[in-house]
Amino acid sequence: MTADSISPIPRSAAPRETPAAVAAMVRLIRDTWAISEPFIPEISQFFYGMLFTLAPVTRDFFPINMEVQRGRLVRALVHIVQMVDRPDDLVPFLRQLGRDHRKFGVIPRHYEAVGTALLAALKNHLGPQWTAPVERAWAEAFTIVARAMQEAAAADVNPASWHATVVEHRRLTWDLALVRLLPEQPVPYLPGQYMSVEVPQRPRLWRYLSPANAPREDGGIEFHVRAVDGGWVSRAIVSHTQPGDVWRLGPPLGRMAVDRERSRGVLMVAGGTGVAPLRSILDSLAMWGDNPKTRLFYGGPAREDLYDLEELRALSSTNPWLTVTPVVERGDGLPGCEQGTLAEAVTRYGAWADHDILVSGSPSMIRATVSRMLVAGSVLGQIQYDPFTID
């Protein structure tokens with residue numbers, strides 16, 4: 001099979017699809033993916049074999065140990081392709097993703113190789129279920145994705161990545177570390193955004209982290225990193241990072257933010273190190289005297305998981321617009337603490353009408369909290385969260 005046989009990117013511009021055509025395209029994609037998803041290992045193996053055959057240079061984009069990568073890229077690609085019927089969410093994300101992929105040295109022909117490899121892997125697995133309409137649906141969806149990313153990458157005038165030196169590494173608990181870095185030049189991120197990082201202990205293994213501070217005059221960035229089970233990068237950062245290490249930082253991503261002039265009220269819900277991007281926003285708001293009333297629910301399984309609570313309480317003591325409510329799932333807690341999950345604690349207060357809602361934490365925590373808030377009457381348009389798992 002050659003690149004030309006099922007190239008997903010047409011040589012000429014595709015006509016604009018009608019809403020009905022887009023809906024039919026997405027339905028075909030989701031139906032065929034439901035059949036394919038249980039076989040991710042086999043599909044991924046074929047995908048990478050095809051990709052490295054079509055574009056051998058792309059092998060250098062990935063870690064030496066491909067077992068670590070597994071089906072991550074295939075899952076991410078499919079997740080993105082399935083969003084083509086949600087342009088308001090997808091297009092800004094794709095633009096950011098296109099700028100982010102400049103750090104690999106990605107050029108247009110690499111996009112074509114990735115799309116061709118993905119379609120070939122699915123075709124190889126689906127056999128007779130890979131019909132002409134199915135192939136056309138996947139090809140057209142990937143074309144939309146690839147073009148948006150390429151256009152954004154071509155228009156970006158910022159560096160593809162930034163080098164930053166570790167100036168402090170401090171263990172906050174046995175599995176949690178605070179890392180401060182000083183970039184060679186300031187990274188133009190906004191409070192609440194996140195970025196991909198590559199550390200010298202784990203080359204080519206990029207992971208997303210959120211700055212816990214608003215941009216500073218010296219460009220310094222603070223990250224809070226917890227070592228997670230199976231986390232090659234997080235464990236290396238917590239256990240082995242040293243002052244003087246040089247990290248590489250990708251472009252800022254994410255749209256989580258507070259409009260202090262328009263918002264009538266803000267609800268923040270943070271689990272564990274998910275407090276970092278919200279802390280960055282609070283750090284920025286604290287530079288102003290007049291802000292919308294803000295309520296932060298900060299939770300974890302037990303009191304010891306709320307590592308940043310005292311700092312947050314200190315911030316609230318000097319900023320009357322901010323209220324911090326700790327939440328623990330087990331144990332006695334502490335004065336002013338609520339018991340239960342974050343989803344339970346937040347929804348005890350109803351739907352939070354007229355509030356901007358920001359949710360940050362693990363994927364499972366975000367799913368549980370957003371789902372329960374929707375049941376409680378919150379509107380999806382009120383709620384902001386970022387897809388940290390797309391890597």
# chains A, B, ... in the order shown; residues from 1 in each chain; ligands from 1

call {"tool": "residues_around", "arguments": {"residues": "Gln382 of chain A", "least_positions_apart": "2", "cutoff": "6 Å", "atoms": "only C-alpha atoms", "output": "PyMOL selection string"}}
result
chain A and resi 356-357+379-380

call {"tool": "residues_around", "arguments": {"residues": "Arg102 of chain A", "least_positions_apart": "4", "cutoff": "7 Å", "atoms": "only C-alpha atoms", "output": "number ranges by chain"}}
result
A: 98, 106, 153, 160

call {"tool": "write_last_selection", "arguments": {"atoms": "all heavy atoms", "output": "PDB file, in the first residue's frame"}}
result
ATOM      1  N   GLY A  98      -1.521  22.617  16.417  1.00  0.00           N
ATOM      2  CA  GLY A  98      -0.647  22.811  15.270  1.00  0.00           C
ATOM      3  C   GLY A  98       0.588  23.607  15.638  1.00  0.00           C
ATOM      4  O   GLY A  98       1.713  23.273  15.222  1.00  0.00           O
ATOM      5  N   VAL A 106       7.669  19.144  12.586  1.00  0.00           N
ATOM      6  CA  VAL A 106       6.669  18.571  11.693  1.00  0.00           C
ATOM      7  C   VAL A 106       6.460  19.483  10.492  1.00  0.00           C
ATOM      8  O   VAL A 106       6.341  20.705  10.626  1.00  0.00           O
ATOM      9  CB  VAL A 106       5.335  18.372  12.437  1.00  0.00           C
ATOM     10  CG1 VAL A 106       4.233  17.964  11.474  1.00  0.00           C
ATOM     11  CG2 VAL A 106       5.492  17.322  13.527  1.00  0.00           C
ATOM     12  N   ALA A 153       0.261  26.450  12.355  1.00  0.00           N
ATOM     13  CA  ALA A 153       1.715  26.328  12.473  1.00  0.00           C
ATOM     14  C   ALA A 153       2.417  27.312  11.546  1.00  0.00           C
ATOM     15  O   ALA A 153       3.413  27.951  11.928  1.00  0.00           O
ATOM     16  CB  ALA A 153       2.147  24.900  12.157  1.00  0.00           C
ATOM     17  N   ALA A 160       9.490  27.653  18.248  1.00  0.00           N
ATOM     18  CA  ALA A 160       8.820  26.349  18.282  1.00  0.00           C
ATOM     19  C   ALA A 160       8.849  25.762  19.691  1.00  0.00           C
ATOM     20  O   ALA A 160       7.970  24.989  20.071  1.00  0.00           O
ATOM     21  CB  ALA A 160       9.484  25.397  17.299  1.00  0.00           C
TER      22      ALA A 160
END

call {"tool": "closest_residue", "arguments": {"among": "A:Tyr298, A:Trp162, A:Tyr189, A:Trp232", "to": "Arg207 of chain A", "atoms": "only C-alpha atoms"}}
result
A:Trp232

call {"tool": "closest_residue", "arguments": {"among": "A:Val238, A:Ile80, A:Met50, A:Val179", "to": "Thr116 of chain A", "atoms": "only C-alpha atoms"}}
result
A:Met50

call {"tool": "closest_residue", "arguments": {"among": "A:Ala121, A:Ala376, A:Ala270, A:Leu249", "to": "Val328 of chain A", "atoms": "only C-alpha atoms"}}
result
A:Ala270

call {"tool": "select_by_dssp", "arguments": {"residues": "segment 109-324 of chain A", "states": "strand (DSSP E or B)", "output": "VMD selection string"}}
result
chain A and resid 162 to 173 176 to 183 194 to 198 207 to 209 211 221 to 226 246 to 249 253 266 to 271 294 to 300 322 to 324

call {"tool": "closest_residue", "arguments": {"among": "A:Ile29, A:Leu182, A:Met268, A:Met195", "to": "Asp245 of chain A", "atoms": "only C-alpha atoms"}}
result
A:Leu182

call {"tool": "closest_residue", "arguments": {"among": "A:Val134, A:Ser360, A:Gly350, A:Ser44", "to": "Asp31 of chain A", "atoms": "only C-alpha atoms"}}
result
A:Val134

call {"tool": "closest_residue", "arguments": {"among": "A:Leu118, A:Gly331, A:Asp283, A:Glu344", "to": "Ser316 of chain A", "atoms": "only C-alpha atoms"}}
result
A:Asp283

call {"tool": "closest_atom_pairs", "arguments": {"of": "segment 248-342 of chain A", "to": "segment 365-369 of chain A", "cutoff": "9 Å", "atoms": "only C-alpha atoms", "output": "tab-separated table"}}
result
residue	atom	partner	partner_atom	distance
A:Val269	CA	A:Thr369	CA	8.5
A:Ala270	CA	A:Met365	CA	9.0
A:Gly271	CA	A:Met365	CA	7.1
A:Thr341	CA	A:Thr369	CA	8.7
A:Leu342	CA	A:Thr369	CA	6.8

call {"tool": "residues_around", "arguments": {"residues": "Pro215 of chain A", "least_positions_apart": "3", "cutoff": "9 Å", "atoms": "only C-alpha atoms", "output": "PDB file with C-alpha atoms, in the first residue's frame"}}
result
ATOM      1  CA  PRO A 186       9.724  34.528  28.605  1.00  0.00           C
ATOM      2  CA  VAL A 187       7.095  32.034  27.440  1.00  0.00           C
ATOM      3  CA  PRO A 188       3.949  33.948  26.341  1.00  0.00           C
ATOM      4  CA  TYR A 189       1.382  31.947  28.307  1.00  0.00           C
ATOM      5  CA  LEU A 190      -1.832  33.207  29.857  1.00  0.00           C
ATOM      6  CA  PRO A 191      -2.963  32.365  33.416  1.00  0.00           C
ATOM      7  CA  PRO A 211       2.149  26.730  35.505  1.00  0.00           C
ATOM      8  CA  ASP A 218      11.605  37.546  35.039  1.00  0.00           C
ATOM      9  CA  GLY A 219       9.715  34.841  33.102  1.00  0.00           C
ATOM     10  CA  GLY A 220       9.933  32.348  35.976  1.00  0.00           C
ATOM     11  CA  ILE A 221       7.522  29.399  35.923  1.00  0.00           C
ATOM     12  CA  SER A 280      -2.212  30.819  38.238  1.00  0.00           C
ATOM     13  CA  SER A 284      -3.235  37.086  38.207  1.00  0.00           C
TER      14      SER A 284
END

call {"tool": "atom_distance", "arguments": {"atom1": "atom CA of Ala164 of chain A", "atom2": "atom CA of Val246 of chain A"}}
result
5.5 Å

call {"tool": "residues_around", "arguments": {"residues": "Glu310 of chain A", "least_positions_apart": "4", "cutoff": "12 Å", "atoms": "only C-alpha atoms", "output": "number ranges by chain"}}
result
A: 298, 303-304, 306, 314-317, 324-326

call {"tool": "write_last_selection", "arguments": {"atoms": "N, CA and C atoms", "output": "short mmCIF file (atom, residue, chain, number, x, y, z; two decimals), in the first residue's frame"}}
result
data_model
loop_
_atom_site.label_atom_id
_atom_site.label_comp_id
_atom_site.auth_asym_id
_atom_site.auth_seq_id
_atom_site.Cartn_x
_atom_site.Cartn_y
_atom_site.Cartn_z
N TYR A 298 -11.43 23.06 46.90
CA TYR A 298 -10.14 22.40 46.70
C TYR A 298 -10.18 21.07 47.44
N ARG A 303 -6.83 14.95 54.00
CA ARG A 303 -6.27 16.28 54.29
C ARG A 303 -4.87 16.44 53.72
N GLU A 304 -4.04 15.40 53.79
CA GLU A 304 -2.66 15.53 53.33
C GLU A 304 -2.55 15.75 51.83
N LEU A 306 -4.23 17.97 50.23
CA LEU A 306 -4.45 19.40 49.97
C LEU A 306 -3.16 20.17 50.28
N ALA A 314 -3.90 31.85 52.76
CA ALA A 314 -3.19 33.12 52.93
C ALA A 314 -3.59 34.10 51.84
N LEU A 315 -3.76 33.60 50.61
CA LEU A 315 -4.18 34.45 49.51
C LEU A 315 -5.59 35.00 49.76
N SER A 316 -6.48 34.14 50.27
CA SER A 316 -7.86 34.58 50.51
C SER A 316 -7.94 35.58 51.67
N SER A 317 -7.02 35.48 52.62
CA SER A 317 -7.05 36.39 53.77
C SER A 317 -6.76 37.84 53.38
N VAL A 324 -12.07 30.11 49.97
CA VAL A 324 -11.49 28.79 49.73
C VAL A 324 -12.17 27.77 50.65
N THR A 325 -12.73 26.72 50.03
CA THR A 325 -13.40 25.66 50.79
C THR A 325 -12.69 24.33 50.56
N PRO A 326 -12.03 23.77 51.59
CA PRO A 326 -11.40 22.45 51.42
C PRO A 326 -12.44 21.34 51.45
#

call {"tool": "residues_around", "arguments": {"residues": "His101 of chain A", "least_positions_apart": "4", "cutoff": "10 Å", "atoms": "only C-alpha atoms", "output": "list of chain:residue names"}}
result
A:Phe61, A:Gln96, A:Leu97, A:Gly105, A:Val106, A:Ile107, A:Met149, A:Gln150, A:Ala153, A:Ala160, A:Ser161, A:Gly250, A:Pro251

call {"tool": "select_by_dssp", "arguments": {"residues": "segment 176-384 of chain A", "states": "alpha helix (DSSP H)", "output": "number ranges by chain"}}
result
A: 232-240, 275-285, 309-317, 342-347, 363-376

call {"tool": "residues_around", "arguments": {"residues": "segment 146-148 of chain A", "least_positions_apart": "3", "cutoff": "7 Å", "atoms": "only C-alpha atoms", "output": "list of chain:residue names"}}
result
A:Val91, A:Leu94, A:Arg95, A:Tyr111, A:Phe142, A:Thr143, A:Glu151, A:Ala152

call {"tool": "atom_distance", "arguments": {"atom1": "atom CA of Pro19 of chain A", "atom2": "atom CA of Trp130 of chain A"}}
result
23.3 Å

call {"tool": "closest_atom_pairs", "arguments": {"of": "segment 252-347 of chain A", "to": "segment 165-174 of chain A", "cutoff": "10 Å", "atoms": "only C-alpha atoms", "output": "JSON lines"}}
result
{"residue": "A:Glu304", "atom": "CA", "partner": "A:Thr173", "partner_atom": "CA", "distance": 8.8}
{"residue": "A:Asp305", "atom": "CA", "partner": "A:Thr173", "partner_atom": "CA", "distance": 9.1}
{"residue": "A:Tyr307", "atom": "CA", "partner": "A:Leu172", "partner_atom": "CA", "distance": 7.4}
{"residue": "A:Asp308", "atom": "CA", "partner": "A:Leu172", "partner_atom": "CA", "distance": 9.4}
